[in-house]
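Notes for the one structure printed next.
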Amino acid sequence: MIVFEGENSFECKQKAVKKNTRTLALAYFPMFFLVVLFSVVMYLTKVLEIEVAATFFVLGVLMLLLGFLQLFMTARQAGKIFWKRRYEFNENKVIFINYLNGINMIKTDWDIDRIKTIKDEGLYYEIFVKRNKLICEKSLIKEGTIEEFEQRFGDKIKKRKKECQ
């Protein structure tokens, strides 16, 4: 069995949050921009009345501003996130225990063959199980070794191409 357990370091949290916010920005900001563009085009082509077009425009701009605010707030508060977790990889299961506030916990498990990809981000592994992404910091390994982990999941591990900024 291979076990990762503990609270992620500030550096790990910061890198993971920056990567997630960058992904969110690439996914959502074009959509917000399209809402604004849609409202302007619909008004100029007289398909929508000014009140309706203005409503879409204001909503698009507000979504864009809230998105930027969320990006900055999330990156600044990375250190305040409580990320104490335990990941157990045994012969046929992945067991994930999330310690919510140090007292309460949520336990989830998946079949080991549900792991789709493992990205080696240098400081940590991003493990994609179904629609979930698990962050396993390498320094938090408690049972087994990194070599055992890489040997066991070698065909699923993809090394990072560049340093996560």
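A note on labels: chains of the structure tokens are A, B, ... as shown, every chain counts residues from 1, and ligands are counted from 1 in their shown order.
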Give me every strand (DSSP E) residue in chain A, going by DSSP on the backbone, as a compact mmCIF listing (two decimals) with N, CA and C atoms, in the first residue's frame.
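Output file part-v5.txt follows:
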# COMPACT_ATOMS: atom_id res chain seq x y z
N ILE A 2 0.44 2.26 -0.73
CA ILE A 2 1.14 3.54 -0.79
C ILE A 2 0.21 4.57 -0.18
N VAL A 3 0.73 5.37 0.76
CA VAL A 3 -0.10 6.34 1.48
C VAL A 3 0.57 7.72 1.44
N PHE A 4 -0.22 8.72 1.05
CA PHE A 4 0.17 10.12 1.17
C PHE A 4 -0.75 10.71 2.24
N GLU A 5 -0.18 11.40 3.24
CA GLU A 5 -1.04 11.95 4.30
C GLU A 5 -0.42 13.20 4.88
N GLY A 6 -1.27 14.18 5.16
CA GLY A 6 -0.84 15.41 5.80
C GLY A 6 -1.45 16.62 5.12
N GLU A 7 -1.03 17.79 5.60
CA GLU A 7 -1.51 19.04 5.00
C GLU A 7 -0.48 19.52 3.98
N LYS A 84 -5.75 19.16 4.59
CA LYS A 84 -5.21 17.95 5.21
C LYS A 84 -5.96 16.77 4.62
N ARG A 85 -5.22 15.88 3.99
CA ARG A 85 -5.83 14.77 3.28
C ARG A 85 -5.02 13.50 3.43
N ARG A 86 -5.68 12.40 3.14
CA ARG A 86 -5.01 11.10 3.13
C ARG A 86 -5.44 10.37 1.87
N TYR A 87 -4.45 9.88 1.13
CA TYR A 87 -4.69 9.09 -0.07
C TYR A 87 -4.05 7.73 0.13
N GLU A 88 -4.84 6.69 -0.01
CA GLU A 88 -4.33 5.32 0.11
C GLU A 88 -4.50 4.63 -1.24
N PHE A 89 -3.42 4.08 -1.74
CA PHE A 89 -3.45 3.32 -2.99
C PHE A 89 -3.12 1.88 -2.64
N LYS A 93 -8.01 -0.40 -4.91
CA LYS A 93 -8.79 0.78 -4.53
C LYS A 93 -7.91 2.00 -4.30
N VAL A 94 -8.50 3.17 -4.57
CA VAL A 94 -7.94 4.45 -4.16
C VAL A 94 -8.88 4.97 -3.09
N ILE A 95 -8.37 5.20 -1.90
CA ILE A 95 -9.19 5.71 -0.81
C ILE A 95 -8.73 7.14 -0.52
N PHE A 96 -9.69 8.05 -0.53
CA PHE A 96 -9.42 9.47 -0.33
C PHE A 96 -10.17 9.92 0.93
N ILE A 97 -9.43 10.45 1.89
CA ILE A 97 -10.04 10.97 3.11
C ILE A 97 -9.70 12.46 3.19
N ASN A 98 -10.75 13.28 3.25
CA ASN A 98 -10.58 14.73 3.33
C ASN A 98 -10.97 15.17 4.74
N TYR A 99 -9.99 15.70 5.49
CA TYR A 99 -10.25 16.21 6.83
C TYR A 99 -10.69 17.66 6.69
N MET A 105 -14.55 14.47 8.68
CA MET A 105 -13.88 13.95 7.49
C MET A 105 -14.89 13.34 6.53
N ILE A 106 -14.49 13.31 5.27
CA ILE A 106 -15.28 12.67 4.23
C ILE A 106 -14.39 11.60 3.60
N LYS A 107 -14.92 10.39 3.48
CA LYS A 107 -14.14 9.28 2.91
C LYS A 107 -14.79 8.86 1.60
N THR A 108 -13.98 8.75 0.57
CA THR A 108 -14.44 8.33 -0.76
C THR A 108 -13.47 7.29 -1.28
N ASP A 109 -13.97 6.32 -2.03
CA ASP A 109 -13.05 5.37 -2.64
C ASP A 109 -13.49 5.07 -4.07
N TRP A 110 -12.50 4.73 -4.89
CA TRP A 110 -12.71 4.39 -6.28
C TRP A 110 -11.90 3.13 -6.60
N ASP A 111 -12.32 2.43 -7.63
CA ASP A 111 -11.50 1.33 -8.14
C ASP A 111 -10.23 1.91 -8.72
N ILE A 115 -8.39 5.47 -12.35
CA ILE A 115 -7.36 6.50 -12.54
C ILE A 115 -7.10 6.62 -14.03
N LYS A 116 -7.33 7.83 -14.56
CA LYS A 116 -7.15 8.05 -15.99
C LYS A 116 -5.72 8.48 -16.30
N THR A 117 -5.27 9.51 -15.59
CA THR A 117 -3.96 10.10 -15.85
C THR A 117 -3.36 10.57 -14.54
N ILE A 118 -2.05 10.56 -14.48
CA ILE A 118 -1.33 11.15 -13.36
C ILE A 118 -0.31 12.11 -13.95
N LYS A 119 -0.40 13.39 -13.56
CA LYS A 119 0.55 14.39 -14.04
C LYS A 119 1.56 14.67 -12.94
N ASP A 120 2.82 14.52 -13.28
CA ASP A 120 3.90 14.82 -12.34
C ASP A 120 4.22 16.30 -12.47
N TYR A 124 4.32 17.88 -6.70
CA TYR A 124 3.16 17.04 -6.40
C TYR A 124 2.68 16.30 -7.64
N TYR A 125 1.79 15.35 -7.42
CA TYR A 125 1.13 14.64 -8.52
C TYR A 125 -0.32 15.13 -8.60
N GLU A 126 -0.80 15.34 -9.81
CA GLU A 126 -2.22 15.57 -10.04
C GLU A 126 -2.77 14.24 -10.55
N ILE A 127 -3.67 13.66 -9.79
CA ILE A 127 -4.21 12.35 -10.15
C ILE A 127 -5.67 12.54 -10.56
N PHE A 128 -6.00 12.16 -11.78
CA PHE A 128 -7.35 12.32 -12.30
C PHE A 128 -8.10 11.00 -12.19
N VAL A 129 -9.09 11.00 -11.30
CA VAL A 129 -9.93 9.83 -11.06
C VAL A 129 -11.36 10.25 -11.40
N ASN A 132 -12.64 13.79 -10.80
CA ASN A 132 -11.97 14.40 -9.65
C ASN A 132 -10.48 14.54 -9.92
N LYS A 133 -9.90 15.57 -9.33
CA LYS A 133 -8.46 15.77 -9.41
C LYS A 133 -7.91 15.74 -7.99
N LEU A 134 -7.02 14.79 -7.73
CA LEU A 134 -6.41 14.66 -6.41
C LEU A 134 -5.01 15.26 -6.47
N ILE A 135 -4.64 16.02 -5.45
CA ILE A 135 -3.31 16.61 -5.35
C ILE A 135 -2.53 15.85 -4.27
N CYS A 136 -1.51 15.10 -4.68
CA CYS A 136 -0.68 14.33 -3.74
C CYS A 136 0.72 14.96 -3.71
N GLU A 137 1.03 15.65 -2.63
CA GLU A 137 2.35 16.24 -2.49
C GLU A 137 3.36 15.13 -2.20
N ILE A 141 4.47 11.50 1.53
CA ILE A 141 4.35 10.04 1.44
C ILE A 141 4.71 9.44 2.80
N LYS A 142 3.82 8.60 3.32
CA LYS A 142 4.01 8.00 4.64
C LYS A 142 4.32 6.51 4.57
N GLU A 143 3.72 5.82 3.61
CA GLU A 143 3.98 4.40 3.41
C GLU A 143 4.35 4.20 1.95
N ILE A 157 1.62 7.94 -15.76
CA ILE A 157 2.28 9.18 -15.32
C ILE A 157 2.82 9.94 -16.52
N LYS A 158 2.48 11.23 -16.55
CA LYS A 158 3.00 12.13 -17.58
C LYS A 158 3.83 13.20 -16.86
N LYS A 159 5.08 13.29 -17.25
CA LYS A 159 5.98 14.27 -16.62
C LYS A 159 5.62 15.67 -17.12
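Considering the residues A:Gly60, A:Glu51, A:Asp113, A:Ile146 and counting only C-alpha atoms, Lys130 in chain A has its shortest atom-to-atom contact with A:Asp113.
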What gap, in Å, lies between CA of Asn104 in chain A and CA of Phe10 in chain A? 21.9 Å
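Note that the spacing between CA of Leu140 in chain A and CA of Asn8 in chain A amounts to 7.7 Å.
Using only C-alpha atoms, the shortest contact distance between Gly67 in chain A and any of A:Arg131, A:Phe29, A:Asn90, A:Glu11 is found at A:Phe29.
One distance worth recording is that between CA of Glu91 in chain A and CA of Arg152 in chain A, which is 10.0 Å.
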From the set A:Leu100, A:Leu123, A:Ile112, A:Met63, which residue has the shortest atom-to-atom contact distance to Phe33 in chain A, counting only C-alpha atoms? A:Met63
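Distance annotation: of A:Tyr28, A:Phe57, A:Glu150, A:Asn92, the residue with the minimal separation from Val41 in chain A is A:Phe57; atom set is only C-alpha atoms.
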Leaving out Val35 in chain A and any residue of its chain fewer than 2 positions from it, which residues lie within 9 Å of it when counting only C-alpha atoms, given as number ranges by chain? A: 30-33, 37-40, 56-57, 59-61
Limited to C-alpha atoms, could you put the picked residues into a file as a PDB file, in the first residue's frame?
ATOM      1  CA  PRO A  30     -14.251  33.759 -23.406  1.00  0.00           C
ATOM      2  CA  MET A  31     -17.844  32.927 -22.475  1.00  0.00           C
ATOM      3  CA  PHE A  32     -18.256  36.205 -20.569  1.00  0.00           C
ATOM      4  CA  PHE A  33     -16.721  38.091 -23.477  1.00  0.00           C
ATOM      5  CA  LEU A  37     -20.285  40.838 -27.677  1.00  0.00           C
ATOM      6  CA  PHE A  38     -23.689  39.197 -28.214  1.00  0.00           C
ATOM      7  CA  SER A  39     -25.478  42.078 -26.496  1.00  0.00           C
ATOM      8  CA  VAL A  40     -23.668  44.719 -28.567  1.00  0.00           C
ATOM      9  CA  PHE A  56     -27.026  41.387 -21.242  1.00  0.00           C
ATOM     10  CA  PHE A  57     -24.127  43.847 -21.495  1.00  0.00           C
ATOM     11  CA  LEU A  59     -24.504  41.050 -16.788  1.00  0.00           C
ATOM     12  CA  GLY A  60     -21.542  40.135 -18.994  1.00  0.00           C
ATOM     13  CA  VAL A  61     -19.394  42.928 -17.571  1.00  0.00           C
TER      14      VAL A  61
END
Write out as an NGL selection string the set of residues from chain A that DSSP, computed on the backbone, places in helix (DSSP H, G or I). :A and (10-44 or 50-76 or 78-80 or 112-114 or 138-140 or 146-152)
